[in-house]
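Each remark here refers to the structure printed beneath this line.
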Amino acid sequence: MSAYFTFDIIAEDPATHARAGVLHTPHGDIPTPIFMPVGTKATVKGLLPSTLASLGTKILLANTYHLSQRPGSETVAEMGGLHDFMQWHGPILTDSGGFQVFSLGDYVKLTDDGVRFRTVDYDGSYATWTPEENMRIQQLLGADIIMQLDQCPGYPAERSFVERAVELSSMWAERCWKAHTRDDQALFGIVQGGMHLDLRLRSLAHLEACADFCGYGIGGYSVGESHDVMFESLGPLVSEHMPTGKPRYLMGVGNPTTLVRGVGCGIDMFDCVLPTRTARMGTAFSHEGRMNLKNARYAHDAGPIDERCSCPVCTGGYTRAYLNHLVRQKEMLGGILLSMHNIFFLLDLMARARRAIIDGTYGAFLSAWMDSPAAADF
RNA sequence: GGGGAUGUGGCACAGCGGCAACUGCGGCGGACUGUAAAUCCGCUCCCUCUGGGUUCCCUGGUUCGAGUCCAGGCAUCCCCA
């Protein structure tokens with residue numbers, strides 16, 4: 001733990017494992033539970049930082065792999081670090097690029113010492129990372145929270161493969177911890193272990209033993225498994241085994257239902273590309289479930305996306321008919337407005353969850369959500 | 001008036017003897033979970049649909065077989081008068 005970062009738990013729900021807290025960082029306080037919009041290449045596609053702030057965004061994600069390729073971590077550092085570079089002056093978290101090790105699959109080679117990427121999405125050259133090099137890059141980028149380099153095994157996966165991912169991730173966690181020197185950056189370890197609770201616990205135990213991380217990421221979920229499979233190991237891992245005094249970050253999750261259930265297990269932080277990606281594809285979140293605004297049935301619909309939503313889009317007079325038009329015509333404003341709505345939707349969902357936790361009514365909040373028509377749709 | 005070109009599914013195009021017909025657009029629907037994603041995947045003539053029926057401007061013809069070849073229409077476009 002660093003002097004720059006403290007995590008205060010301000011309320012615990014009596015009926016569930018949910019808790020509400022505040023994570024203090026050098027660039028501001030983050031109320032938890034929180035959803036973090038993803039701005040991989042130092043931009044949440046289509047949205048101004050000021051817009052993000054007005055939607056209630058407290059912290060953004062950016063990606064080490066992508067930024068190391070373009071424009072390069074040295075360039076970002078030269079421009080004063082990520083906050084100045086992208087003109088977002090609130091907290092930022094950089095993902096290590098561990099997820100790219102997983103998603104770039106065939107283009108990545110793993111060794112004990114690190115990873116070798118074929119940078120297919122850029123110039124096709126090879127990039128080699130050790131945990132130390134990864135830390136060097138993340139320190140140049142200068143986010144408030146940085147993640148250890150890890151390996152995410154995917155699902156389904158052979159137990160031996162998952163075991164190996166845990167071993168590698170553990171080894172790399174230790175090396176990242178030793179290599180990271182900026183105490184104004186909080187380093188999070190990442191728990192791996194697939195759907196196997198015993199491997200998860202092994203991973204967690206190693207992280208706790210080898211370092212004093214500021215928080216813990218939980219990686220390797222939402223990679224193809226069902227919600228039931230996911231929560232079977234995630235639930236006990238979080239609620240019974242993870243240290244209570246540090247933030248818990250469920251990486252890459254997710255959809256509204258997973259967020260609500262995750263909070264119930266005791267998760268504090270989430271991030272996901274889903275709201276922004278689906279927005280660009282024409283899909284909006286709503287209390288009724290997913291809405292594909294491309295659908296012909298909205299072409300003459302004068303209502304807002306979601307009657308119950310108080311986002312600038314839903315209260316701003318933008319009709320379903322207009323959104324339908326923008327999306328069909330591939331006008332960029334369509335993706336922008338839907339991104340605003342979807343991000344607000346998740347931020348607001350977490351803000352309401354937080355209020356319920358503070359009020360001691362999260363159990364009711366959770367079951368109300370699970371009984372709602374939206375729950376089945378996400 | 002003379003010369004040249006072209007007519008194919010909502011649109012644009014391909015097709016040069018075996019075709020329910022390439023491709024793109026459009027239309028309809030779906031997927032998207034630490035962003036190789038403003039991407040990707042289906043379907044898109046009709047029907048009683050693991051089969052059947054009608055198609056490629058029209059009418060005849062040649063052929064086992066014609067969107068494809070021949071003849072005659074009709075229509076459109078371009079050039080010269």
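Going through the structure tokens in order, the chains are called A, B, and so on, while each chain numbers its residues from 1 and the ligands are numbered from 1 in the order shown.
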*asked:* Using only C-alpha atoms (C1' of nucleotides) and a distance of at most 6 Å, pull out the residues of chain A that contact chain B, as a PyMOL selection string.
replied: chain A and resi 99+121+222+251-254+274+280
*In range 228-329 of chain A, DSSP strand (DSSP E) residues written as a PyMOL selection string*: chain A and resi 248-250+269-272+283-286+289-292
*Mind the document's chain letters and residue numbers, and return as a PyMOL selection string the residues of range 40-274 of chain A that DSSP labels helix (DSSP H, G or I).*
chain A and resi 49-55+64-69+73-78+82-86+98-103+105-107+131-141+159-179+197-210+227-241+256-265+274
So that I can see what lies close to G72 in chain B, please list as a PDB file with N, CA, C and O atoms (P, O5', C5', C4', C3', O3' and C1' of nucleotides), in the first residue's frame the residues with an atom at most 12 Å from it, counting only C-alpha atoms (C1' of nucleotides) and leaving out residues fewer than 6 positions away in the same chain.
```pdb
ATOM      1  P     C B  58     -39.239 -10.198 -70.521  1.00  0.00           P
ATOM      2  O5'   C B  58     -40.122  -9.797 -71.786  1.00  0.00           O
ATOM      3  C5'   C B  58     -41.386  -9.157 -71.630  1.00  0.00           C
ATOM      4  C4'   C B  58     -42.008  -8.950 -72.986  1.00  0.00           C
ATOM      5  C3'   C B  58     -42.085 -10.212 -73.842  1.00  0.00           C
ATOM      6  O3'   C B  58     -43.249 -10.952 -73.530  1.00  0.00           O
ATOM      7  C1'   C B  58     -41.187  -8.444 -75.133  1.00  0.00           C
ATOM      8  P     U B  59     -43.214 -12.548 -73.755  1.00  0.00           P
ATOM      9  O5'   U B  59     -43.254 -12.679 -75.324  1.00  0.00           O
ATOM     10  C5'   U B  59     -44.341 -12.130 -76.061  1.00  0.00           C
ATOM     11  C4'   U B  59     -44.112 -12.363 -77.525  1.00  0.00           C
ATOM     12  C3'   U B  59     -43.610 -13.752 -77.868  1.00  0.00           C
ATOM     13  O3'   U B  59     -44.679 -14.674 -77.906  1.00  0.00           O
ATOM     14  C1'   U B  59     -42.341 -12.143 -79.045  1.00  0.00           C
ATOM     15  P     G B  60     -44.375 -16.240 -77.977  1.00  0.00           P
ATOM     16  O5'   G B  60     -44.040 -16.389 -79.517  1.00  0.00           O
ATOM     17  C5'   G B  60     -43.285 -17.481 -79.919  1.00  0.00           C
ATOM     18  C4'   G B  60     -42.701 -17.186 -81.272  1.00  0.00           C
ATOM     19  C3'   G B  60     -41.600 -18.170 -81.632  1.00  0.00           C
ATOM     20  O3'   G B  60     -42.161 -19.341 -82.183  1.00  0.00           O
ATOM     21  C1'   G B  60     -40.785 -15.982 -81.917  1.00  0.00           C
ATOM     22  P     G B  61     -41.657 -20.726 -81.572  1.00  0.00           P
ATOM     23  O5'   G B  61     -40.178 -20.836 -82.173  1.00  0.00           O
ATOM     24  C5'   G B  61     -40.009 -20.809 -83.581  1.00  0.00           C
ATOM     25  C4'   G B  61     -38.577 -20.523 -83.932  1.00  0.00           C
ATOM     26  C3'   G B  61     -37.550 -21.553 -83.484  1.00  0.00           C
ATOM     27  O3'   G B  61     -37.557 -22.697 -84.318  1.00  0.00           O
ATOM     28  C1'   G B  61     -36.708 -19.381 -83.137  1.00  0.00           C
TER      29        G B  61
END
```
*When you draw a straight line from CA of Val76 in chain A to CA of Pro37 in chain A, how long is it in Å?*
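CA of Pro37 in chain A lies at a distance of 20.2 Å from CA of Val76 in chain A.
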Which range 247-277 of chain A residues have any atom within 10 Å of an atom of range 56-63 of chain A, and for each, what is the nearest pair of atoms with distance in Å to one decimal, counting only C-alpha atoms, rows sorted by chain and number, as JSON lines?
```
{"residue": "A:Asp271", "atom": "CA", "partner": "A:Leu61", "partner_atom": "CA", "distance": 7.6}
{"residue": "A:Cys272", "atom": "CA", "partner": "A:Leu61", "partner_atom": "CA", "distance": 9.2}
{"residue": "A:Val273", "atom": "CA", "partner": "A:Leu61", "partner_atom": "CA", "distance": 9.9}
```
*Near C13 in chain B, within 10 Å and counting only C-alpha atoms (C1' of nucleotides), which residues show up once chain neighbours fewer than 2 positions away are dropped, as an MDAnalysis selection string?*
chainID B and resid 8 11 22:24
